[in-house]
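Have a look at coords39.json; it's JSON, C-alpha atoms:
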[["chain", "number", "residue", "atom", "x", "y", "z"],
["A", 96, "MET", "CA", 13.91, 1.31, 34.31],
["A", 97, "LEU", "CA", 10.22, 0.93, 33.58],
["A", 98, "SER", "CA", 8.51, -1.85, 35.48],
["A", 99, "PRO", "CA", 6.94, -4.70, 33.50],
["A", 100, "ILE", "CA", 3.72, -4.13, 35.46],
["A", 101, "ILE", "CA", 3.40, -0.53, 34.22],
["A", 102, "LYS", "CA", 4.14, -1.69, 30.65],
["A", 103, "ARG", "CA", 1.38, -4.31, 30.86],
["A", 104, "GLN", "CA", -1.06, -1.76, 32.31],
["A", 105, "VAL", "CA", -0.41, 0.66, 29.44],
["A", 106, "GLU", "CA", -0.70, -2.11, 26.83],
["A", 107, "ALA", "CA", -3.98, -3.24, 28.42],
["A", 108, "GLN", "CA", -5.31, 0.33, 28.41],
["A", 109, "VAL", "CA", -4.40, 0.72, 24.73],
["A", 110, "SER", "CA", -6.31, -2.49, 24.00],
["A", 111, "ASP", "CA", -9.32, -1.37, 26.08],
["A", 112, "LEU", "CA", -9.45, 2.02, 24.33],
["A", 113, "VAL", "CA", -9.28, 0.41, 20.88],
["A", 114, "GLN", "CA", -12.11, -1.96, 21.84],
["A", 115, "LEU", "CA", -14.17, 0.97, 23.13],
["A", 116, "ALA", "CA", -13.60, 2.88, 19.87],
["A", 117, "GLN", "CA", -14.61, -0.20, 17.85],
["A", 118, "GLN", "CA", -17.84, -0.53, 19.80],
["A", 119, "ARG", "CA", -18.75, 3.15, 19.60],
["A", 120, "LEU", "CA", -17.77, 3.58, 15.94],
["A", 121, "ARG", "CA", -19.07, 0.13, 14.91],
["A", 122, "ARG", "CA", -16.01, -0.70, 12.84],
["A", 123, "ALA", "CA", -12.82, -2.72, 13.14],
["A", 124, "ILE", "CA", -9.69, -0.96, 14.33],
["A", 125, "THR", "CA", -6.34, -2.74, 14.23],
["A", 126, "LEU", "CA", -4.65, -2.82, 17.62],
["A", 127, "PRO", "CA", -1.37, -0.87, 17.43],
["A", 128, "THR", "CA", 1.94, -2.20, 18.67],
["A", 129, "VAL", "CA", 3.29, -0.41, 21.73],
["A", 130, "GLY", "CA", 6.88, 0.56, 22.48],
["A", 131, "PHE", "CA", 8.62, 2.27, 25.36],
["A", 132, "ARG", "CA", 11.55, 4.19, 23.92],
["A", 133, "ARG", "CA", 12.66, 7.60, 24.97],
["A", 134, "SER", "CA", 11.66, 10.23, 22.45],
["A", 135, "GLY", "CA", 13.00, 13.58, 23.60],
["A", 136, "ARG", "CA", 10.62, 15.54, 25.77],
["A", 137, "THR", "CA", 7.50, 14.13, 24.15],
["A", 138, "ALA", "CA", 5.27, 11.99, 26.34],
["A", 139, "GLY", "CA", 4.26, 9.78, 23.44],
["A", 140, "SER", "CA", 4.05, 9.56, 19.69],
["A", 141, "ALA", "CA", 1.76, 7.73, 17.30],
["A", 142, "HIS", "CA", 3.34, 6.39, 14.11],
["A", 143, "LEU", "CA", 0.22, 6.17, 12.00],
["A", 144, "GLN", "CA", 1.38, 4.18, 8.99],
["A", 145, "LYS", "CA", 3.30, 1.72, 11.17],
["A", 146, "ASN", "CA", 0.29, 1.42, 13.52],
["A", 147, "HIS", "CA", 2.66, 1.86, 16.46],
["A", 148, "ILE", "CA", 2.59, 3.99, 19.60],
["A", 149, "ASN", "CA", 5.74, 4.92, 21.48],
["A", 150, "PHE", "CA", 5.65, 6.11, 25.09],
["A", 151, "ASN", "CA", 8.44, 7.90, 26.94],
["A", 152, "PRO", "CA", 9.47, 5.48, 29.72],
["A", 153, "VAL", "CA", 11.05, 8.17, 31.91],
["A", 154, "LEU", "CA", 7.92, 10.31, 32.04],
["A", 155, "LEU", "CA", 5.68, 7.25, 32.28],
["A", 156, "SER", "CA", 7.49, 5.95, 35.35],
["A", 157, "GLU", "CA", 7.33, 9.40, 37.00],
["A", 158, "TYR", "CA", 3.75, 10.29, 36.02],
["A", 159, "PRO", "CA", 1.75, 7.06, 35.59],
["A", 160, "ASP", "CA", -1.55, 8.78, 36.47],
["A", 161, "ASN", "CA", -1.04, 11.45, 33.78],
["A", 162, "TYR", "CA", -0.40, 8.70, 31.26],
["A", 163, "LYS", "CA", -3.54, 6.82, 32.17],
["A", 164, "SER", "CA", -5.78, 9.88, 32.08],
["A", 165, "ASP", "CA", -4.23, 11.87, 29.22],
["A", 166, "VAL", "CA", -1.30, 10.49, 27.25],
["A", 167, "VAL", "CA", -2.52, 6.98, 26.41],
["A", 168, "PRO", "CA", -5.95, 8.17, 25.19],
["A", 169, "HIS", "CA", -4.25, 11.02, 23.26],
["A", 170, "GLU", "CA", -2.02, 8.64, 21.28],
["A", 171, "VAL", "CA", -4.69, 5.96, 20.78],
["A", 172, "ALA", "CA", -7.02, 8.66, 19.45],
["A", 173, "HIS", "CA", -4.45, 9.46, 16.74],
["A", 174, "ILE", "CA", -4.39, 5.79, 15.68],
["A", 175, "VAL", "CA", -8.20, 5.52, 15.72],
["A", 176, "VAL", "CA", -8.64, 8.71, 13.69],
["A", 177, "TYR", "CA", -6.09, 7.61, 11.09],
["A", 178, "GLN", "CA", -7.74, 4.23, 10.65],
["A", 179, "VAL", "CA", -11.24, 5.69, 10.44],
["A", 180, "TYR", "CA", -10.72, 9.00, 8.58],
["A", 181, "GLY", "CA", -7.29, 8.70, 6.96],
["A", 182, "ARG", "CA", -4.84, 11.58, 7.03],
["A", 183, "VAL", "CA", -6.46, 14.61, 8.69],
["A", 184, "LYS", "CA", -5.21, 17.46, 10.89],
["A", 185, "PRO", "CA", -3.37, 15.85, 13.85],
["A", 186, "HIS", "CA", -5.44, 17.57, 16.55],
["A", 187, "GLY", "CA", -8.39, 18.50, 14.37],
["A", 188, "ALA", "CA", -12.11, 18.01, 14.76],
["A", 189, "GLU", "CA", -12.00, 14.22, 14.25],
["A", 190, "TRP", "CA", -9.32, 13.73, 16.91],
["A", 191, "GLN", "CA", -11.12, 16.03, 19.33],
["A", 192, "ALA", "CA", -14.38, 14.15, 18.75],
["A", 193, "VAL", "CA", -12.70, 10.82, 19.56],
["A", 194, "MET", "CA", -11.08, 12.28, 22.68],
["A", 195, "ARG", "CA", -14.31, 13.84, 23.99],
["A", 196, "GLY", "CA", -17.02, 11.62, 22.57],
["A", 197, "ILE", "CA", -15.44, 8.19, 22.88],
["A", 198, "PHE", "CA", -12.66, 8.43, 25.46],
["A", 199, "ASN", "CA", -14.32, 11.12, 27.61],
["A", 200, "CYS", "CA", -11.04, 13.06, 27.84],
["A", 201, "GLU", "CA", -10.17, 16.70, 27.42],
["A", 202, "PRO", "CA", -8.36, 17.02, 24.06],
["A", 203, "ALA", "CA", -5.12, 18.68, 25.19],
["A", 204, "THR", "CA", -2.39, 18.83, 22.57],
["A", 205, "THR", "CA", 0.59, 19.11, 24.93],
["A", 206, "HIS", "CA", 1.49, 17.71, 28.32],
["A", 207, "SER", "CA", 2.43, 19.64, 31.45],
["A", 208, "MET", "CA", 4.70, 17.04, 33.04],
["A", 209, "CYS", "CA", 8.10, 18.30, 34.15],
["A", 210, "SER", "CA", 10.69, 17.04, 31.67],
["A", 211, "ASP", "CA", 13.73, 18.72, 33.24],
["A", 212, "ASN", "CA", 15.38, 15.44, 34.25],
["A", 213, "LEU", "CA", 15.30, 14.00, 30.72],
["A", 214, "ASN", "CA", 18.66, 15.63, 30.06],
["A", 215, "SER", "CA", 17.99, 16.17, 26.38],
["A", 216, "LYS", "CA", 21.08, 17.60, 24.70],
["A", 217, "THR", "CA", 20.60, 21.18, 23.58],
["A", 218, "PHE", "CA", 22.85, 23.67, 21.82],
["A", 219, "PRO", "CA", 23.18, 27.40, 22.53],
["A", 220, "TYR", "CA", 21.95, 29.83, 19.86],
["A", 221, "HIS", "CA", 21.19, 33.52, 20.09],
["A", 222, "CYS", "CA", 19.34, 36.42, 18.53],
["A", 223, "LYS", "CA", 19.00, 40.06, 19.57],
["A", 224, "CYS", "CA", 16.56, 38.92, 22.32],
["A", 225, "GLY", "CA", 19.23, 36.79, 23.95],
["A", 226, "PRO", "CA", 20.11, 33.10, 24.28],
["A", 227, "VAL", "CA", 17.94, 30.28, 22.90],
["A", 228, "GLN", "CA", 18.46, 26.51, 23.22],
["A", 229, "LEU", "CA", 17.89, 24.26, 20.20],
["A", 230, "THR", "CA", 17.46, 20.51, 20.37],
["A", 231, "ILE", "CA", 20.11, 18.26, 18.87],
["A", 232, "ARG", "CA", 17.78, 17.46, 15.96],
["A", 233, "ARG", "CA", 17.30, 21.15, 15.08],
["A", 234, "HIS", "CA", 21.00, 21.91, 15.65],
["A", 235, "ASN", "CA", 21.99, 19.10, 13.26],
["A", 236, "LYS", "CA", 19.61, 20.44, 10.59],
["A", 237, "VAL", "CA", 21.24, 23.88, 10.91],
["A", 238, "MET", "CA", 24.72, 22.34, 10.68],
["A", 239, "ARG", "CA", 23.74, 20.38, 7.52],
["A", 240, "GLY", "CA", 22.33, 23.56, 5.96],
["A", 241, "GLN", "CA", 18.83, 22.04, 5.75],
["A", 242, "GLN", "CA", 17.03, 24.49, 8.02],
["A", 243, "GLN", "CA", 17.21, 27.90, 9.63],
["A", 244, "TYR", "CA", 15.22, 28.90, 12.69],
["A", 245, "GLN", "CA", 13.74, 32.27, 13.50],
["A", 246, "CYS", "CA", 13.18, 33.79, 16.95],
["A", 247, "ARG", "CA", 9.48, 33.79, 17.81],
["A", 248, "THR", "CA", 9.80, 37.15, 19.57],
["A", 249, "CYS", "CA", 12.03, 39.35, 17.41],
["A", 250, "GLY", "CA", 11.90, 37.44, 14.12],
["A", 251, "GLN", "CA", 15.70, 37.40, 13.75],
["A", 252, "MET", "CA", 17.36, 34.23, 12.44],
["A", 253, "LEU", "CA", 18.98, 32.25, 15.24],
["A", 254, "LYS", "CA", 22.77, 31.96, 15.10],
["A", 255, "PRO", "CA", 24.93, 29.39, 16.90],
["A", 256, "THR", "CA", 26.56, 30.89, 19.97],
["A", 257, "PRO", "CA", 30.36, 30.57, 19.64],
["A", 258, "PRO", "CA", 32.04, 28.63, 22.44],
["A", 259, "ALA", "CA", 33.52, 30.76, 25.22],
["A", 260, "ASP", "CA", 37.31, 31.05, 25.15],
["A", 261, "SER", "CA", 38.98, 28.92, 27.77]]
Structure translated into structure tokens:
Amino acid sequence: MLSPIIKRQVEAQVSDLVQLAQQRLRRAITLPTVGFRRSGRTAGSAHLQKNHINFNPVLLSEYPDNYKSDVVPHEVAHIVVYQVYGRVKPHGAEWQAVMRGIFNCEPATTHSMCSDNLNSKTFPYHCKCGPVQLTIRRHNKVMRGQQQYQCRTCGQMLKPTPPADS
């Protein structure tokens, strides 16, 4: 369970970063709402049109320093860029400029926190390279016939691995 103190610290940092962006860009930016719901292995996600940021409480409780230095500025930068420039490339030049020029952060697009203990449900698939795990979301798309996935190494379409006989 995420402590109320950590939640307040993250909310305060979001507010501080928005204020900093407003000062540097000399324009109003609407403060986003903040949530703490688990979202797979992602550290955070910015829902631009809802003006909402969601942080992964499991990773946040385990890596509060990473959140303060990287994840919170990363997600706030998405909100700032959307409000200032509209819809642009998610990690494009505008986002990088906000990360570097306003938040003084390195614009990394992914996190390096260990997410092994998140226990995200995966499903076994295979190609000629061997076994591959797909997330529940991707597995469900395959099962509904909405999507097929290709191996990044051999290019073969991934096939569900049949269950082993008991």
Practice item. Give me, please, the distance in Å between CA of Arg133 in chain A and CA of Pro185 in chain A, quoted to one decimal. Key: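 Between CA of Arg133 in chain A and CA of Pro185 in chain A the gap works out to 21.2 Å.
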Residues within 10 Å of Arg182 in chain A, please, as a short mmCIF file (atom, residue, chain, number, x, y, z; two decimals) with C-alpha atoms, in the frame of the given file. Count all atoms listed in the file; anything in the same chain fewer than 4 positions from it doesn't count.
data_model
loop_
_atom_site.label_atom_id
_atom_site.label_comp_id
_atom_site.auth_asym_id
_atom_site.auth_seq_id
_atom_site.Cartn_x
_atom_site.Cartn_y
_atom_site.Cartn_z
CA LEU A 143 0.22 6.17 12.00
CA GLN A 144 1.38 4.18 8.99
CA HIS A 173 -4.45 9.46 16.74
CA VAL A 176 -8.64 8.71 13.69
CA TYR A 177 -6.09 7.61 11.09
CA GLN A 178 -7.74 4.23 10.65
#
Lys254 in chain A surroundings by all atoms listed in the file, 9 Å radius, close-in-sequence under 5 positions cut, as an mmCIF file with C-alpha atoms, in the coordinates of the input:
data_model
loop_
_atom_site.group_PDB
_atom_site.id
_atom_site.type_symbol
_atom_site.label_atom_id
_atom_site.label_comp_id
_atom_site.auth_asym_id
_atom_site.auth_seq_id
_atom_site.Cartn_x
_atom_site.Cartn_y
_atom_site.Cartn_z
ATOM 1 C CA PRO A 219 23.180 27.400 22.530
ATOM 2 C CA TYR A 220 21.950 29.830 19.860
ATOM 3 C CA HIS A 221 21.190 33.520 20.090
ATOM 4 C CA CYS A 222 19.340 36.420 18.530
ATOM 5 C CA GLN A 243 17.210 27.900 9.630
ATOM 6 C CA TYR A 244 15.220 28.900 12.690
#
Exercise for review: To one decimal in Å, tell me the separation between CA of Asn199 in chain A and CA of Pro168 in chain A.
Suggested key: 9.2 Å
Review point. By how many Å are CA of Ser164 in chain A and CA of Cys200 in chain A apart?
Key: 7.5 Å
Practice item. Considering all atoms listed in the file, state which residue in the set A:Gly139, A:Pro257, A:Gly181, A:Gly187 is at the smallest distance from Asp165 in chain A. Key: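 Checking each of A:Gly139, A:Pro257, A:Gly181, A:Gly187 against Asp165 in chain A, counting all atoms listed in the file, the winner is A:Gly139.
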